[in-house]
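**Student:** What follows is the file data_1.txt, containing compact mmCIF, C-alpha atoms and all ligand atoms:
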```
# COMPACT_ATOMS: atom_id res chain seq x y z
CA MET A 1 0.00 0.00 0.00
CA ALA A 2 2.87 2.32 0.90
CA GLU A 3 4.56 1.44 -2.34
CA HIS A 4 1.42 2.26 -4.25
CA ASN A 5 1.21 5.66 -2.54
CA LEU A 6 4.83 6.31 -3.40
CA LYS A 7 4.15 5.45 -7.04
CA ALA A 8 1.10 7.70 -7.07
CA SER A 9 2.96 10.66 -5.61
CA HIS A 10 5.83 10.03 -8.03
CA MET A 11 3.40 10.15 -10.91
CA ALA A 12 1.84 13.31 -9.50
CA ILE A 13 5.26 14.98 -9.47
CA VAL A 14 6.00 13.93 -13.05
CA LEU A 15 2.55 15.10 -14.12
CA GLY A 16 3.04 18.36 -12.24
CA ILE A 17 6.38 19.03 -13.93
CA GLY A 18 4.91 18.14 -17.30
CA LEU A 19 1.97 20.48 -16.77
CA GLY A 20 4.34 23.19 -15.52
CA VAL A 21 6.47 22.93 -18.67
CA VAL A 22 3.42 23.07 -20.92
CA LEU A 23 2.10 26.05 -18.97
CA LEU A 24 5.45 27.83 -19.28
CA ILE A 25 5.51 27.29 -23.04
CA VAL A 26 1.95 28.61 -23.38
CA ILE A 27 2.72 31.65 -21.23
CA SER A 28 5.87 32.50 -23.15
CA LEU A 29 3.99 32.12 -26.45
CA LEU A 30 1.25 34.44 -25.21
CA LEU A 31 3.86 36.94 -24.02
CA THR A 32 5.55 36.90 -27.41
CA ILE A 33 2.24 37.56 -29.14
CA VAL A 34 1.35 40.39 -26.75
CA VAL A 35 4.79 42.03 -27.06
CA ASN A 36 4.72 41.73 -30.85
CA ARG A 37 1.30 43.30 -31.00
CA ARG A 38 2.35 46.15 -28.73
CA ASP A 39 5.40 46.76 -30.94
CA ARG A 40 3.25 46.89 -34.02
CA GLN A 41 0.79 49.28 -32.36
CA ALA A 42 3.66 51.54 -31.27
CA LEU A 43 4.93 51.49 -34.83
CA LEU A 44 1.50 52.38 -36.18
CA ARG A 45 1.12 55.14 -33.63
CA SER A 46 4.54 56.58 -34.45
CA ARG A 47 3.62 56.72 -38.11
CA LYS A 48 1.98 60.08 -38.55
CA THR A 49 -1.30 60.43 -40.40
CA PRO A 50 -1.15 61.94 -43.89
CA ASP A 51 -2.74 65.15 -42.57
CA GLU A 52 0.00 65.62 -39.98
CA ARG A 53 2.69 64.99 -42.55
CA LEU A 54 1.12 67.37 -45.03
CA ARG A 55 1.19 70.10 -42.40
CA LYS A 56 4.94 69.71 -42.36
CA LEU A 57 4.97 70.05 -46.10
CA ASP A 58 2.91 73.23 -45.71
CA ASP A 59 5.80 74.80 -43.80
CA VAL A 60 8.24 74.40 -46.66
CA ALA A 61 5.89 74.43 -49.63
CA PRO A 62 2.76 76.47 -48.96
CA THR A 63 -0.22 76.02 -51.26
CA ARG A 64 -1.04 78.86 -53.64
CA THR A 65 -2.66 79.17 -57.00
CA LEU A 66 -0.24 79.51 -59.87
CA GLU A 67 -1.65 82.99 -60.47
CA VAL A 68 -0.78 84.20 -56.95
CA TRP A 69 2.60 82.51 -57.05
CA PHE A 70 3.41 83.96 -60.45
CA THR A 71 2.42 87.49 -59.45
CA SER A 72 4.70 87.38 -56.41
CA THR A 73 7.58 85.64 -58.17
CA LYS A 74 7.56 87.34 -61.55
CA GLY A 75 9.19 90.49 -60.18
CA LYS A 76 11.78 88.57 -58.18
CA MET A 77 12.82 86.28 -60.99
CA ASN A 78 12.44 88.75 -63.81
CA LEU A 79 10.19 86.47 -65.81
CA SER A 80 8.33 87.67 -68.85
CA ASP A 81 4.60 87.14 -69.30
CA ALA A 82 5.33 84.58 -71.98
CA VAL A 83 6.62 82.16 -69.33
CA ASP A 84 3.30 82.41 -67.56
CA SER A 85 1.52 79.83 -69.66
CA GLN A 86 4.39 77.38 -69.85
CA PHE A 87 4.51 75.78 -66.44
CA VAL A 88 4.51 72.03 -66.65
CA CYS A 89 4.27 69.82 -63.57
CA VAL A 90 6.96 67.15 -63.99
CA VAL A 91 5.09 64.71 -61.76
CA CYS A 92 2.14 64.32 -64.13
CA LEU A 93 3.71 66.11 -67.13
CA GLU A 94 0.58 68.22 -67.54
CA GLN A 95 0.49 71.96 -67.89
CA VAL A 96 -0.38 73.89 -64.74
CA ASN A 97 -3.27 76.28 -65.25
CA ARG A 98 -3.27 79.71 -63.64
CA THR A 99 -6.18 78.90 -61.35
CA GLU A 100 -4.80 75.55 -60.16
CA GLU A 101 -3.26 75.17 -56.72
CA ILE A 102 0.48 74.63 -56.69
CA ARG A 103 3.23 73.97 -54.19
CA GLU A 104 6.57 75.62 -54.62
CA LEU A 105 9.70 74.08 -53.15
CA ARG A 106 12.78 75.86 -51.83
CA CYS A 107 14.50 75.21 -55.14
CA LEU A 108 11.73 77.32 -56.77
CA HIS A 109 10.34 74.35 -58.67
CA VAL A 110 6.56 74.33 -58.91
CA PHE A 111 4.19 71.37 -58.96
CA HIS A 112 0.47 70.70 -58.75
CA ARG A 113 -0.54 70.62 -55.09
CA GLU A 114 -1.96 67.07 -55.38
CA CYS A 115 1.02 65.82 -57.36
CA LEU A 116 3.59 66.99 -54.83
CA GLU A 117 1.45 65.68 -51.95
CA LYS A 118 1.29 62.25 -53.57
CA TRP A 119 5.05 62.33 -54.15
CA PHE A 120 5.70 63.43 -50.56
CA LEU A 121 3.35 60.85 -49.02
CA GLY A 122 5.21 58.18 -50.98
CA ASP A 123 8.17 58.96 -48.68
CA HIS A 124 10.05 61.12 -51.15
CA PHE A 125 11.70 64.00 -49.38
CA ASN A 126 13.37 65.72 -52.27
CA CYS A 127 12.30 67.71 -55.27
CA PRO A 128 11.10 65.44 -58.12
CA LEU A 129 12.98 67.64 -60.57
CA CYS A 130 16.35 68.55 -59.06
CA HIS A 131 16.36 66.15 -56.05
CA ARG A 132 17.12 68.86 -53.55
CA ALA A 133 15.80 67.99 -50.07
CA TYR A 134 12.74 69.92 -48.85
CA PHE A 135 13.87 69.99 -45.26
CA GLU A 136 17.11 71.02 -43.62
CA ALA A 137 18.85 67.70 -43.00
CA ASP A 138 16.33 66.51 -40.38
CA ILE A 139 15.31 63.65 -42.65
CA PRO A 140 18.21 61.66 -44.06
CA PRO A 141 17.88 60.86 -47.76
CA ARG A 142 16.39 57.41 -48.20
CA HIS A 143 17.87 56.72 -51.58
CA ASP A 144 21.56 57.50 -51.49
CA HIS A 145 22.01 56.92 -55.20
CA ILE A 146 19.87 59.99 -55.91
CA TRP A 147 22.74 62.16 -54.81
CA MET A 148 25.07 60.68 -57.35
CA VAL A 149 22.93 61.77 -60.31
ZN ZN B 1 0.88 67.49 -61.72
ZN ZN B 2 13.79 71.38 -57.51
```
For the structure just supplied, provide its representation as structure tokens.
Ligand SMILES: [Zn+2]
Ligand SMILES: [Zn+2]

**Tutor:**
Amino acid sequence: MAEHNLKASHMAIVLGIGLGVVLLIVISLLLTIVVNRRDRQALLRSRKTPDERLRKLDDVAPTRTLEVWFTSTKGKMNLSDAVDSQFVCVVCLEQVNRTEEIRELRCLHVFHRECLEKWFLGDHFNCPLCHRAYFEADIPPRHDHIWMV
């Protein structure tokens, strides 16, 4: 009878260890899943919404109509009226009309507002035409080869 009890308690210990190991594996799996999910959420949260990012673009390339831009720039750049009707947006290769909204970069290149926004939201931080960065060195260039062109 004593031997039987000993066997039973021995089995209980083995069973207990087995259950403990299984429990540990399950817990560590759950922890991994939870940590992964939290990482992904943090990543999503750190990624700014398009609106927030466009506000940053507003600082360097404010939206104006071509007409307003041209009136204020013509004097500065000594452009003749003939140039007025010849602005082409290199993103879509369409002509920019006087009443359309444009964004002008620091390099004085002009693009359709929507075209530059699309370009910018695609993680391009330099001018589509001359590849000059919009911002002062706070965003490192993603494509190094661009600078070798
Ligand atoms: Zn365009
Ligand atoms: Zn440019």

**Student:** Excluding stretch 41-57 of chain A and any residue of its chain fewer than 5 positions from it, enumerate the residues within 10 Å of it, using all atoms listed in the file, and give them as a PDB file with C-alpha atoms, in the coordinates of the input.

**Tutor:**
```
ATOM      1  CA  VAL A  35       4.790  42.030 -27.060  1.00  0.00           C
ATOM      2  CA  ASN A  36       4.720  41.730 -30.850  1.00  0.00           C
ATOM      3  CA  PRO A  62       2.760  76.470 -48.960  1.00  0.00           C
ATOM      4  CA  THR A  63      -0.220  76.020 -51.260  1.00  0.00           C
ATOM      5  CA  ARG A 103       3.230  73.970 -54.190  1.00  0.00           C
ATOM      6  CA  LEU A 105       9.700  74.080 -53.150  1.00  0.00           C
ATOM      7  CA  LEU A 116       3.590  66.990 -54.830  1.00  0.00           C
ATOM      8  CA  GLU A 117       1.450  65.680 -51.950  1.00  0.00           C
ATOM      9  CA  LYS A 118       1.290  62.250 -53.570  1.00  0.00           C
ATOM     10  CA  PHE A 120       5.700  63.430 -50.560  1.00  0.00           C
ATOM     11  CA  LEU A 121       3.350  60.850 -49.020  1.00  0.00           C
ATOM     12  CA  PHE A 125      11.700  64.000 -49.380  1.00  0.00           C
ATOM     13  CA  TYR A 134      12.740  69.920 -48.850  1.00  0.00           C
ATOM     14  CA  PHE A 135      13.870  69.990 -45.260  1.00  0.00           C
TER      15      PHE A 135
END
```

**Student:** Considering all atoms listed in the file, can you say which of A:Arg113, A:Lys7, A:Lys74, A:Arg106 comes closest to ligand ZN 1 (chain B)?

**Tutor:**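 The answer is A:Arg113, which sits nearest to ligand ZN 1 (chain B).
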
**Student:** Go through the chains and note each residue within 6 Å of ligand ZN 1 (chain B), using only C-alpha atoms and all ligand atoms, then give the set as an MDAnalysis selection string.

**Tutor:** chainID A and resid 89 91:92 94 111:112 115

**Student:** Using all atoms listed in the file, find each residue with an atom at most 8 Å away from ligand ZN 2 (chain B) and format the answer as a PyMOL selection string.

**Tutor:** chain A and resi 105-110+126-132

**Student:** What does the distance between atom CA of A:Val60 and atom CA of A:Glu100 come to in Å, to one decimal place?

**Tutor:**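 Separation of atom CA of A:Val60 and atom CA of A:Glu100: 18.8 Å.
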
**Student:** Can you work out the spacing between atom CA of A:Asp123 and atom CA of A:Thr99 in Å, to one decimal?

**Tutor:**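 Atom-to-atom, atom CA of A:Asp123 to atom CA of A:Thr99, that is 27.6 Å.
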
**Student:** Can you report as AutoDock Vina command-line options the centre and edge lengths in Å, to one decimal, of an axis-aligned box around the listed atoms of stretch 39-56 of chain A padded with 8 Å on each side?

**Tutor:**
```
--center_x 1.3 --center_y 58.4 --center_z -38.0 --size_x 24.1 --size_y 39.3 --size_z 30.1
```
